[in-house]
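Colleague: To be precise about what I am sending: the file is called entry.txt and holds compact mmCIF, C-alpha atoms.
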```txt
# COMPACT_ATOMS: atom_id res chain seq x y z
CA MET U 1 224.72 214.47 97.40
CA LYS U 2 226.36 213.47 94.10
CA ILE U 3 229.97 214.55 93.62
CA LEU U 4 232.17 214.55 90.51
CA ILE U 5 235.93 214.14 91.09
CA VAL U 6 238.17 215.37 88.24
CA ASP U 7 241.91 214.63 88.22
CA ASP U 8 244.20 213.16 85.58
CA PHE U 9 245.94 210.91 88.14
CA SER U 10 243.81 207.93 89.13
CA THR U 11 245.60 207.63 92.48
CA MET U 12 244.61 211.18 93.43
CA ARG U 13 240.98 210.50 92.39
CA ARG U 14 241.05 207.42 94.58
CA ILE U 15 242.43 209.35 97.57
CA VAL U 16 239.78 212.07 97.23
CA LYS U 17 237.07 209.43 96.77
CA ASN U 18 238.17 207.62 99.95
CA LEU U 19 238.32 210.84 101.96
CA LEU U 20 234.87 211.88 100.72
CA ARG U 21 233.48 208.48 101.68
CA ASP U 22 234.94 208.95 105.16
CA LEU U 23 233.06 212.24 105.34
CA GLY U 24 229.84 210.44 104.44
CA PHE U 25 229.70 211.24 100.71
CA THR U 26 229.38 207.86 99.04
CA ASN U 27 227.82 208.90 95.72
CA THR U 28 230.80 209.91 93.58
CA ALA U 29 231.84 209.70 89.94
CA GLU U 30 235.22 210.33 88.31
CA ALA U 31 236.59 212.05 85.20
CA ASP U 32 240.20 212.45 84.09
CA ASP U 33 240.01 215.95 82.61
CA GLY U 34 237.68 218.88 81.92
CA GLN U 35 236.73 217.64 78.49
CA THR U 36 235.31 214.42 79.92
CA ALA U 37 233.90 216.13 82.99
CA LEU U 38 231.86 218.87 81.30
CA PRO U 39 229.39 216.59 79.43
CA MET U 40 229.04 214.47 82.58
CA LEU U 41 228.12 217.58 84.54
CA GLN U 42 225.72 218.75 81.83
CA SER U 43 223.84 215.45 81.65
CA GLY U 44 224.18 214.29 85.25
CA ASP U 45 222.61 215.65 88.40
CA PHE U 46 225.80 216.54 90.26
CA ASP U 47 225.64 218.67 93.41
CA PHE U 48 229.35 219.29 93.84
CA LEU U 49 232.53 219.39 91.77
CA VAL U 50 236.06 218.67 93.01
CA THR U 51 238.65 219.39 90.33
CA ASP U 52 242.39 219.51 89.76
CA TRP U 53 243.85 222.40 87.71
CA ASN U 54 246.73 220.98 85.66
CA MET U 55 245.29 218.33 83.33
CA PRO U 56 245.74 217.43 79.65
CA GLY U 57 242.76 218.26 77.44
CA MET U 58 240.68 220.82 79.28
CA GLN U 59 242.28 222.24 82.40
CA GLY U 60 240.47 222.74 85.68
CA ILE U 61 240.33 226.53 85.39
CA ASP U 62 238.65 226.25 81.98
CA LEU U 63 236.24 223.65 83.34
CA LEU U 64 235.35 226.12 86.11
CA LYS U 65 234.81 228.92 83.57
CA ASN U 66 232.64 226.64 81.42
CA VAL U 67 230.58 225.63 84.45
CA ARG U 68 230.00 229.27 85.42
CA ALA U 69 229.04 230.12 81.83
CA ASP U 70 226.45 227.34 81.64
CA PRO U 71 223.02 228.55 82.86
CA ASN U 72 222.19 225.09 84.26
CA LEU U 73 225.49 224.68 86.09
CA LYS U 74 226.42 228.22 87.09
CA ASP U 75 225.55 227.71 90.76
CA LEU U 76 227.34 224.36 91.14
CA PRO U 77 229.79 224.56 94.06
CA VAL U 78 233.36 223.97 92.82
CA LEU U 79 236.33 223.02 95.00
CA MET U 80 239.78 223.12 93.43
CA VAL U 81 242.37 220.68 94.72
CA THR U 82 245.63 221.43 92.94
CA ALA U 83 249.39 221.80 93.16
CA GLU U 84 249.16 225.17 91.37
CA ALA U 85 250.01 227.74 94.03
CA LYS U 86 251.05 230.92 92.22
CA ARG U 87 249.41 234.02 93.70
CA GLU U 88 248.07 235.08 90.29
CA GLN U 89 246.51 231.65 89.72
CA ILE U 90 244.62 231.71 93.01
CA VAL U 91 243.37 235.19 92.18
CA GLU U 92 242.34 233.95 88.72
CA ALA U 93 240.41 231.02 90.22
CA ALA U 94 238.72 233.32 92.73
CA GLN U 95 237.71 235.71 89.95
CA ALA U 96 236.39 232.79 87.89
CA GLY U 97 234.09 231.93 90.80
CA VAL U 98 235.72 229.03 92.63
CA ASN U 99 234.11 228.17 96.00
CA GLY U 100 237.19 226.71 97.67
CA TYR U 101 240.89 226.24 96.90
CA ILE U 102 243.10 223.52 98.38
CA VAL U 103 246.80 223.22 97.54
CA LYS U 104 248.40 219.79 97.28
CA PRO U 105 249.73 218.11 99.28
CA PHE U 106 246.72 218.40 101.59
CA THR U 107 245.29 216.63 104.61
CA ALA U 108 241.95 214.94 105.26
CA GLY U 109 241.28 217.71 107.81
CA THR U 110 241.73 220.46 105.21
CA LEU U 111 239.34 218.76 102.80
CA LYS U 112 236.68 218.43 105.50
CA GLU U 113 237.14 222.03 106.64
CA LYS U 114 236.79 223.45 103.12
CA ILE U 115 233.76 221.33 102.24
CA ASP U 116 232.05 222.25 105.52
CA LYS U 117 232.76 225.92 104.86
CA ILE U 118 231.34 225.76 101.32
CA PHE U 119 228.09 224.16 102.49
CA GLU U 120 227.82 226.49 105.46
CA ARG U 121 227.93 229.43 103.08
CA ILE U 122 225.46 227.86 100.65
CA ASP U 123 223.04 226.98 103.48
CA GLY U 124 223.40 230.50 104.85
CA GLN U 125 222.22 232.06 101.61
CA MET G 126 300.26 243.08 72.91
CA GLU G 127 300.03 246.64 74.20
CA THR G 128 303.68 247.36 73.57
CA GLN G 129 303.23 246.01 70.08
CA ASP G 130 300.31 248.40 69.55
CA LYS G 131 302.33 251.29 70.92
CA LEU G 132 305.23 250.41 68.69
CA MET G 133 302.93 250.35 65.71
CA ALA G 134 301.46 253.72 66.70
CA ASP G 135 304.94 255.23 66.99
CA VAL G 136 305.93 253.92 63.61
CA THR G 137 302.71 255.20 62.05
CA LEU G 138 303.14 258.61 63.68
CA GLU G 139 306.69 258.88 62.39
CA GLN G 140 305.60 257.95 58.88
CA ALA G 141 302.73 260.43 59.03
CA ARG G 142 305.14 263.22 60.00
CA HIS G 143 307.41 262.16 57.16
CA LEU G 144 304.41 262.32 54.78
CA ILE G 145 303.45 265.83 55.92
CA LYS G 146 307.04 266.95 55.56
CA CYS G 147 307.23 265.58 52.00
CA LEU G 148 303.97 267.34 51.10
CA GLU G 149 305.12 270.63 52.64
CA GLU G 150 308.35 270.47 50.71
CA GLY G 151 306.47 269.59 47.49
CA ARG G 152 308.19 266.19 47.07
CA VAL G 153 305.23 264.46 45.42
CA SER G 154 306.83 261.11 44.57
CA ASP G 155 308.27 260.78 48.10
CA ALA G 156 304.82 261.58 49.48
CA ARG G 157 303.25 258.84 47.34
CA GLU G 158 305.82 256.37 48.63
CA ALA G 159 305.00 257.39 52.22
CA ILE G 160 301.25 256.80 51.63
CA ASP G 161 302.00 253.33 50.22
CA SER G 162 304.04 252.31 53.23
CA LEU G 163 301.31 253.58 55.59
CA SER G 164 298.65 251.43 53.92
CA GLN G 165 301.03 248.48 54.09
CA ILE G 166 301.05 248.76 57.87
CA ARG G 167 297.24 248.71 57.94
CA GLU G 168 297.09 245.66 55.70
CA ALA G 169 299.64 243.87 57.85
CA SER G 170 297.57 244.40 61.03
CA LEU G 171 294.44 243.27 59.18
CA PHE G 172 296.22 240.05 58.24
CA VAL G 173 297.13 239.45 61.87
CA GLU G 174 293.45 239.84 62.90
CA VAL G 175 292.22 237.51 60.15
CA GLY G 176 294.88 235.02 61.23
CA LYS G 177 293.64 235.17 64.82
CA LEU G 178 290.02 234.66 63.75
CA THR G 179 291.00 231.71 61.58
CA ARG G 180 292.76 230.06 64.49
CA GLN G 181 289.74 230.59 66.77
CA LEU G 182 287.38 229.18 64.17
CA HIS G 183 289.62 226.18 63.71
CA GLU G 184 289.71 225.53 67.46
CA ALA G 185 285.95 225.93 67.74
CA LEU G 186 285.35 223.47 64.93
CA SER G 187 287.71 220.88 66.33
CA ASN G 188 286.08 221.28 69.79
CA PHE G 189 282.75 220.77 68.16
CA GLN G 190 283.88 217.57 66.52
CA LEU G 191 285.40 216.35 69.77
CA ASP G 192 282.03 216.87 71.37
CA ASN G 193 280.13 214.40 69.27
CA LYS G 194 278.86 213.37 72.70
CA ILE G 195 275.99 215.73 72.02
CA ALA G 196 274.82 213.45 69.22
CA GLY G 197 274.95 210.51 71.59
CA LEU G 198 272.97 212.44 74.20
CA ALA G 199 270.24 213.32 71.74
CA ALA G 200 270.05 209.92 70.06
CA GLN G 201 270.43 207.60 73.04
CA ASP G 202 270.52 209.13 76.48
CA ILE G 203 267.54 211.46 76.29
CA PRO G 204 265.10 208.84 74.92
CA ASP G 205 266.47 206.47 77.55
CA ALA G 206 265.81 209.09 80.24
CA LYS G 207 262.22 209.51 79.04
CA GLN G 208 261.74 205.78 79.35
CA ARG G 209 263.23 205.83 82.83
CA LEU G 210 260.96 208.65 83.97
CA ASN G 211 257.92 206.84 82.61
CA TYR G 212 259.04 203.85 84.64
CA VAL G 213 259.03 206.13 87.71
CA ILE G 214 255.45 207.22 86.99
CA GLU G 215 254.31 203.62 86.52
CA THR G 216 256.13 202.30 89.56
CA THR G 217 254.90 205.02 91.91
CA GLU G 218 251.36 204.62 90.58
CA ASN G 219 251.46 200.87 91.16
CA ALA G 220 252.80 201.38 94.67
CA ALA G 221 250.11 203.94 95.49
CA ASN G 222 247.39 201.60 94.20
CA LYS G 223 248.82 198.58 96.04
CA THR G 224 248.91 200.63 99.26
CA MET G 225 245.35 201.87 98.78
CA ASP G 226 244.14 198.32 97.97
CA SER G 227 245.49 197.10 101.29
CA VAL G 228 244.21 200.10 103.24
CA GLU G 229 240.75 199.72 101.72
CA GLU G 230 240.79 196.07 102.80
CA CYS G 231 241.94 197.02 106.32
CA LEU G 232 239.28 199.69 106.92
CA PRO G 233 236.14 197.48 107.07
CA ILE G 234 237.97 194.98 109.31
CA SER G 235 238.97 197.64 111.85
CA GLN G 236 235.55 199.30 111.57
CA ASN G 237 233.87 195.94 112.30
CA ILE G 238 236.10 195.39 115.35
CA GLN G 239 235.17 198.86 116.59
CA THR G 240 231.38 198.42 116.21
CA THR G 241 231.36 194.93 117.77
CA ALA G 242 233.57 196.06 120.67
CA ASN G 243 231.28 199.05 121.33
CA ASP G 244 228.17 196.81 121.35
CA LEU G 245 229.81 194.33 123.71
CA LEU G 246 231.04 197.10 126.00
CA GLU G 247 227.50 198.44 126.32
CA ASP G 248 226.17 195.03 127.43
CA TRP G 249 229.25 194.50 129.60
CA GLU G 250 228.45 197.70 131.49
CA ARG G 251 224.84 196.53 131.91
CA LEU G 252 226.29 193.38 133.46
CA TYR G 253 228.24 195.47 135.97
CA ARG G 254 225.10 197.42 136.76
CA ARG G 255 223.38 194.01 137.35
CA GLU G 256 220.84 194.75 134.63
CA LEU G 257 221.34 191.47 132.74
CA LYS G 258 218.96 188.55 133.11
CA PRO G 259 220.55 185.05 133.48
CA GLY G 260 219.66 184.09 129.89
CA GLU G 261 221.13 187.31 128.54
CA PHE G 262 224.39 186.71 130.37
CA ARG G 263 224.84 183.35 128.66
CA LYS G 264 224.28 185.01 125.30
CA LEU G 265 226.76 187.79 126.15
CA ALA G 266 229.40 185.25 127.16
CA GLY G 267 228.94 183.52 123.81
CA ARG G 268 229.26 186.81 121.91
CA VAL G 269 232.42 187.73 123.82
CA GLU G 270 233.94 184.36 122.95
CA THR G 271 233.06 184.75 119.23
CA PHE G 272 234.46 188.30 119.29
CA LEU G 273 237.77 187.27 120.88
CA LYS G 274 238.19 184.52 118.30
CA SER G 275 237.41 186.92 115.44
CA VAL G 276 239.80 189.57 116.80
CA SER G 277 242.55 187.00 116.74
CA SER G 278 241.94 186.04 113.09
CA ASP G 279 241.25 189.68 112.09
CA SER G 280 244.58 190.71 113.60
CA THR G 281 246.37 188.08 111.56
CA GLN G 282 244.68 189.44 108.44
CA LEU G 283 245.48 193.06 109.39
CA ASN G 284 249.11 192.12 110.00
CA GLY G 285 249.29 190.60 106.52
CA LEU G 286 247.75 193.67 104.90
CA LEU G 287 250.01 196.07 106.81
CA THR G 288 253.02 194.04 105.67
CA ASP G 289 251.73 194.49 102.09
CA VAL G 290 251.62 198.27 102.69
CA LEU G 291 255.16 198.12 104.01
CA MET G 292 256.39 196.14 101.02
CA ALA G 293 254.66 198.48 98.58
CA GLN G 294 257.12 201.19 99.68
CA ASP G 295 260.02 199.40 97.97
CA TYR G 296 259.47 201.71 94.98
CA GLN G 297 261.35 204.49 96.78
CA ASP G 298 264.68 202.69 96.43
CA LEU G 299 264.10 201.75 92.77
CA THR G 300 262.74 205.08 91.57
CA GLY G 301 265.41 206.90 93.60
CA GLN G 302 268.14 205.11 91.67
CA VAL G 303 266.48 205.83 88.33
CA ILE G 304 265.93 209.51 89.12
CA ARG G 305 269.51 209.93 90.31
CA LYS G 306 270.68 208.59 86.95
CA VAL G 307 268.47 211.07 85.10
CA ILE G 308 269.85 213.90 87.25
CA THR G 309 273.38 212.94 86.16
CA LEU G 310 272.24 213.04 82.54
CA VAL G 311 270.62 216.46 82.97
CA GLN G 312 273.89 217.69 84.45
CA GLU G 313 275.80 216.37 81.45
CA VAL G 314 273.39 218.04 79.03
CA GLU G 315 273.77 221.30 80.95
CA GLU G 316 277.57 221.14 80.73
CA ASN G 317 277.41 220.49 76.99
CA LEU G 318 274.99 223.35 76.45
CA VAL G 319 277.24 225.72 78.39
CA GLU G 320 280.17 224.62 76.20
CA LEU G 321 278.11 225.35 73.10
CA VAL G 322 277.19 228.78 74.43
CA LYS G 323 280.86 229.54 75.11
CA MET G 324 281.84 228.31 71.66
CA PHE G 325 279.51 230.83 70.08
CA GLY G 326 280.88 233.56 72.30
CA ARG G 327 277.62 234.20 74.17
CA VAL G 328 279.09 233.96 77.66
CA ASP G 329 277.82 237.43 78.60
CA GLU G 330 274.26 236.48 77.72
CA TYR G 331 274.65 233.24 79.67
CA ASN G 332 275.86 235.11 82.76
CA LYS G 333 273.04 237.60 82.41
CA ALA G 334 270.45 234.83 82.07
CA GLN G 335 271.84 233.17 85.20
CA GLN G 336 271.15 236.32 87.21
CA GLN G 337 267.63 236.78 85.91
CA THR G 338 264.66 235.44 87.85
CA LYS G 339 262.66 233.21 85.58
CA LYS G 340 259.05 234.19 85.10
CA VAL G 341 256.76 231.25 84.52
CA THR G 342 253.22 231.77 83.34
CA GLY G 343 250.48 229.15 83.25
CA VAL G 344 250.38 225.77 84.93
CA GLU G 345 253.60 224.26 86.20
CA GLY G 346 252.67 221.65 88.81
CA PRO G 347 254.25 221.64 92.26
CA VAL G 348 256.89 224.36 92.67
CA VAL G 349 260.01 223.08 94.43
CA ASP G 350 261.94 226.36 94.56
CA LYS G 351 261.14 227.64 98.06
CA ASN G 352 262.51 231.11 97.29
CA ARG G 353 259.95 231.98 94.63
CA GLU G 354 258.06 235.05 95.69
CA ASP G 355 255.10 234.56 93.37
CA VAL G 356 254.20 231.21 94.90
CA LEU G 357 252.35 230.51 98.15
CA THR G 358 253.84 227.66 100.13
CA ASN G 359 250.99 226.44 102.29
CA GLN G 360 247.24 226.28 102.77
CA ASP G 361 247.25 229.03 105.41
CA ASP G 362 248.78 231.50 102.95
CA VAL G 363 246.21 230.48 100.33
CA ASP G 364 243.40 231.00 102.85
CA ASP G 365 244.79 234.42 103.81
CA LEU G 366 244.96 235.49 100.17
CA LEU G 367 241.42 234.27 99.52
CA SER G 368 240.04 236.01 102.58
CA SER G 369 241.76 239.22 101.48
CA LEU G 370 239.79 238.82 98.24
CA GLY G 371 236.55 238.59 100.21
CA PHE G 372 236.23 234.82 100.57
```
Represent the structure contained in this file as structure tokens.
Modeller:
Amino acid sequence: MKILIVDDFSTMRRIVKNLLRDLGFTNTAEADDGQTALPMLQSGDFDFLVTDWNMPGMQGIDLLKNVRADPNLKDLPVLMVTAEAKREQIVEAAQAGVNGYIVKPFTAGTLKEKIDKIFERIDGQ
Amino acid sequence: METQDKLMADVTLEQARHLIKCLEEGRVSDAREAIDSLSQIREASLFVEVGKLTRQLHEALSNFQLDNKIAGLAAQDIPDAKQRLNYVIETTENAANKTMDSVEECLPISQNIQTTANDLLEDWERLYRRELKPGEFRKLAGRVETFLKSVSSDSTQLNGLLTDVLMAQDYQDLTGQVIRKVITLVQEVEENLVELVKMFGRVDEYNKAQQQTKKVTGVEGPVVDKNREDVLTNQDDVDDLLSSLGF
């Protein structure tokens, strides 16, 4: 399981990376915005994407839309971990095809729960 | 002021009656005189108004000059505040990294203690169940001794790392002071802006804007206003919304 972590703050990437490692996911890579992340996703064999929303360059929501529009990436599970919590934004992310949505600040338990749920649903298909 | 207006109205009314009377009686030159004096009254009140406006303008201009603080704010204090806030970002980032460095160093140590203790406990229980051979017991005793020694030195190392975590929190005091200073500056800018608004006579618009709820579109980072109705405040609310959308 190869996971790409996208956040403009290196400390947040590090936290997510540590939590993922605790959950047994040791194969991770990092990008600091959508613009850097998209080519990595297109050329790498990633199985999962964890992304922030508010980033300079390409924002997380646009990264999500680009992923869904790319025939090779359209089924990639995407988990958003973000401080953006407006009702309309969550609806927008859901409509764009996000698989999970976590609002910051979050706990290790929430991250595990959402990841488990995403894979449960994928395995159930 | 009102009595003055009333007085003026009375005078005007009287002159108007006089004018009508002159016209009715066919006294043309008297009528012309009456018209002249009526227009004089109007000119006089116009002069008073212009005088008032001039005084207001003068006051506004001198206030504006007095408030050359605004120039200072723009030229010095705001750039200084930007620098201070960047310092906050740097300092908090360093502290977070220092803390995570120490924690990442602590984790394998405590994990190692856990695995070794579990292994030893298993053999210890075999000892109680008299399942150990004499040779195995000697080995177990040796392992216990090594473990106890390592726990002692590991604890010293953990103590050191935890003290590092503790010390990394000193940023709170420093950044708190810096942020408080920036808050004071923001307050000062606000006061100056309000003065400007008043000077240009837009107090009504200011009051109206104060009442309005601000609509923010697009990204805005963490929302601190707990009364906003368009924002969800916790994960449970987010989950509820998503499940209502069929998630």
Colleague: Sorted by chain and rising residue number, which residues of chain G lie within 7 Å of chain U, and what are their closest atom pairs and distances in Å to one decimal, counting only C-alpha atoms, as JSON lines?
Modeller:
```
{"residue": "G:Glu218", "atom": "CA", "partner": "U:Thr11", "partner_atom": "CA", "distance": 6.8}
{"residue": "G:Ala221", "atom": "CA", "partner": "U:Thr11", "partner_atom": "CA", "distance": 6.6}
{"residue": "G:Asn222", "atom": "CA", "partner": "U:Thr11", "partner_atom": "CA", "distance": 6.5}
{"residue": "G:Val344", "atom": "CA", "partner": "U:Asn54", "partner_atom": "CA", "distance": 6.1}
{"residue": "G:Glu345", "atom": "CA", "partner": "U:Glu84", "partner_atom": "CA", "distance": 6.9}
{"residue": "G:Gly346", "atom": "CA", "partner": "U:Ala83", "partner_atom": "CA", "distance": 5.5}
{"residue": "G:Pro347", "atom": "CA", "partner": "U:Ala83", "partner_atom": "CA", "distance": 4.9}
{"residue": "G:Asp355", "atom": "CA", "partner": "U:Lys86", "partner_atom": "CA", "distance": 5.6}
{"residue": "G:Val356", "atom": "CA", "partner": "U:Lys86", "partner_atom": "CA", "distance": 4.1}
{"residue": "G:Leu357", "atom": "CA", "partner": "U:Ala85", "partner_atom": "CA", "distance": 5.5}
{"residue": "G:Gln360", "atom": "CA", "partner": "U:Val103", "partner_atom": "CA", "distance": 6.1}
```
Colleague: Provide the CA of Met1 (chain U) to CA of Leu20 (chain U) distance in Å, to one decimal place.
Modeller: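 According to the coordinates, CA of Met1 (chain U) and CA of Leu20 (chain U) are separated by 11.0 Å.
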Colleague: Neighbours of region 266-283 of chain G within 10 Å (only C-alpha atoms; same-chain residues fewer than 3 positions away dropped), as a JSON list (two decimals) with C-alpha atoms, in the coordinates of the input?
Modeller:
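Output below, filename result.json:
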```
[["chain", "number", "residue", "atom", "x", "y", "z"],
["G", 227, "SER", "CA", 245.49, 197.10, 101.29],
["G", 228, "VAL", "CA", 244.21, 200.10, 103.24],
["G", 230, "GLU", "CA", 240.79, 196.07, 102.80],
["G", 231, "CYS", "CA", 241.94, 197.02, 106.32],
["G", 232, "LEU", "CA", 239.28, 199.69, 106.92],
["G", 234, "ILE", "CA", 237.97, 194.98, 109.31],
["G", 235, "SER", "CA", 238.97, 197.64, 111.85],
["G", 237, "ASN", "CA", 233.87, 195.94, 112.30],
["G", 238, "ILE", "CA", 236.10, 195.39, 115.35],
["G", 241, "THR", "CA", 231.36, 194.93, 117.77],
["G", 242, "ALA", "CA", 233.57, 196.06, 120.67],
["G", 245, "LEU", "CA", 229.81, 194.33, 123.71],
["G", 246, "LEU", "CA", 231.04, 197.10, 126.00],
["G", 249, "TRP", "CA", 229.25, 194.50, 129.60],
["G", 261, "GLU", "CA", 221.13, 187.31, 128.54],
["G", 262, "PHE", "CA", 224.39, 186.71, 130.37],
["G", 263, "ARG", "CA", 224.84, 183.35, 128.66],
["G", 286, "LEU", "CA", 247.75, 193.67, 104.90],
["G", 287, "LEU", "CA", 250.01, 196.07, 106.81],
["G", 288, "THR", "CA", 253.02, 194.04, 105.67],
["G", 289, "ASP", "CA", 251.73, 194.49, 102.09]]
```
Colleague: What is the distance between CA of Asp22 (chain U) and CA of Gly124 (chain U), in Å to one decimal?
Modeller: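 Atom-to-atom, CA of Asp22 (chain U) and CA of Gly124 (chain U) are spaced 24.4 Å apart.
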Colleague: Hey, can you check how far CA of Gln335 (chain G) sits from CA of Asp350 (chain G)?
Modeller: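 So the answer is 15.2 Å.
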Colleague: Hey, which of U:Leu49, U:Leu63, U:Ile115, U:Ile122 ends up closest to Thr36 (chain U)? Count only C-alpha atoms.
Modeller: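 Comparing U:Leu49, U:Leu63, U:Ile115, U:Ile122 against Thr36 (chain U), the winner is U:Leu63.
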Colleague: Mind checking which residues fall within 12 Å of Leu41 (chain U), counting all atoms listed in the file, ignoring those fewer than 2 positions away in the same chain, and posting them as an MDAnalysis selection string?
Modeller: chainID U and resid 2:6 29:31 34:39 43:50 63:64 66:68 70 72:74 76:78
Colleague: When you count all atoms listed in the file, which of these residues is closest to Ala108 (chain U): U:Leu19, U:Arg13, U:Asp8, U:Gln42?
Modeller: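 Closest to Ala108 (chain U) of all the choices is U:Leu19.
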Colleague: Would you kindly place all heavy atoms on region 206-213 of chain G and return the model as a compact mmCIF listing (two decimals), in the frame of the given file?
Modeller:
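Writing done, so here's out-v8.txt:
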```
# COMPACT_ATOMS: atom_id res chain seq x y z
N ALA G 206 266.25 208.40 79.03
CA ALA G 206 265.81 209.09 80.24
C ALA G 206 264.28 209.19 80.27
O ALA G 206 263.66 209.04 81.32
CB ALA G 206 266.42 210.49 80.30
N LYS G 207 263.68 209.43 79.10
CA LYS G 207 262.22 209.51 79.04
C LYS G 207 261.61 208.19 79.49
O LYS G 207 260.66 208.15 80.26
CB LYS G 207 261.75 209.85 77.62
CG LYS G 207 261.94 211.32 77.29
CD LYS G 207 261.14 211.72 76.07
CE LYS G 207 261.84 211.25 74.81
NZ LYS G 207 261.25 211.72 73.58
N GLN G 208 262.22 207.10 78.99
CA GLN G 208 261.74 205.78 79.35
C GLN G 208 261.87 205.56 80.86
O GLN G 208 260.97 205.03 81.51
CB GLN G 208 262.58 204.75 78.59
CG GLN G 208 261.86 203.47 78.30
CD GLN G 208 262.78 202.51 77.56
OE1 GLN G 208 263.85 202.89 77.07
NE2 GLN G 208 262.37 201.26 77.46
N ARG G 209 263.00 206.01 81.39
CA ARG G 209 263.23 205.83 82.83
C ARG G 209 262.20 206.60 83.65
O ARG G 209 261.68 206.12 84.65
CB ARG G 209 264.62 206.35 83.21
CG ARG G 209 265.73 205.42 82.81
CD ARG G 209 267.09 206.10 82.99
NE ARG G 209 268.15 205.28 82.45
CZ ARG G 209 268.71 204.28 83.11
NH1 ARG G 209 268.33 204.01 84.34
NH2 ARG G 209 269.65 203.56 82.56
N LEU G 210 261.91 207.84 83.21
CA LEU G 210 260.96 208.65 83.97
C LEU G 210 259.55 208.08 83.88
O LEU G 210 258.78 208.12 84.84
CB LEU G 210 261.00 210.11 83.50
CG LEU G 210 262.29 210.85 83.85
CD1 LEU G 210 262.28 212.26 83.29
CD2 LEU G 210 262.50 210.90 85.36
N ASN G 211 259.22 207.51 82.71
CA ASN G 211 257.92 206.84 82.61
C ASN G 211 257.84 205.65 83.56
O ASN G 211 256.80 205.39 84.14
CB ASN G 211 257.68 206.37 81.17
CG ASN G 211 257.09 207.46 80.31
OD1 ASN G 211 256.26 208.24 80.80
ND2 ASN G 211 257.51 207.56 79.07
N TYR G 212 258.98 204.97 83.69
CA TYR G 212 259.04 203.85 84.64
C TYR G 212 258.75 204.35 86.06
O TYR G 212 258.05 203.71 86.83
CB TYR G 212 260.43 203.20 84.56
CG TYR G 212 260.77 202.30 85.72
CD1 TYR G 212 260.33 200.97 85.74
CD2 TYR G 212 261.53 202.77 86.79
CE1 TYR G 212 260.64 200.15 86.82
CE2 TYR G 212 261.85 201.96 87.86
CZ TYR G 212 261.40 200.65 87.87
OH TYR G 212 261.71 199.84 88.93
N VAL G 213 259.27 205.55 86.38
CA VAL G 213 259.03 206.13 87.71
C VAL G 213 257.53 206.38 87.92
O VAL G 213 256.97 206.05 88.95
CB VAL G 213 259.82 207.44 87.90
CG1 VAL G 213 259.41 208.15 89.18
CG2 VAL G 213 261.32 207.15 87.91
```
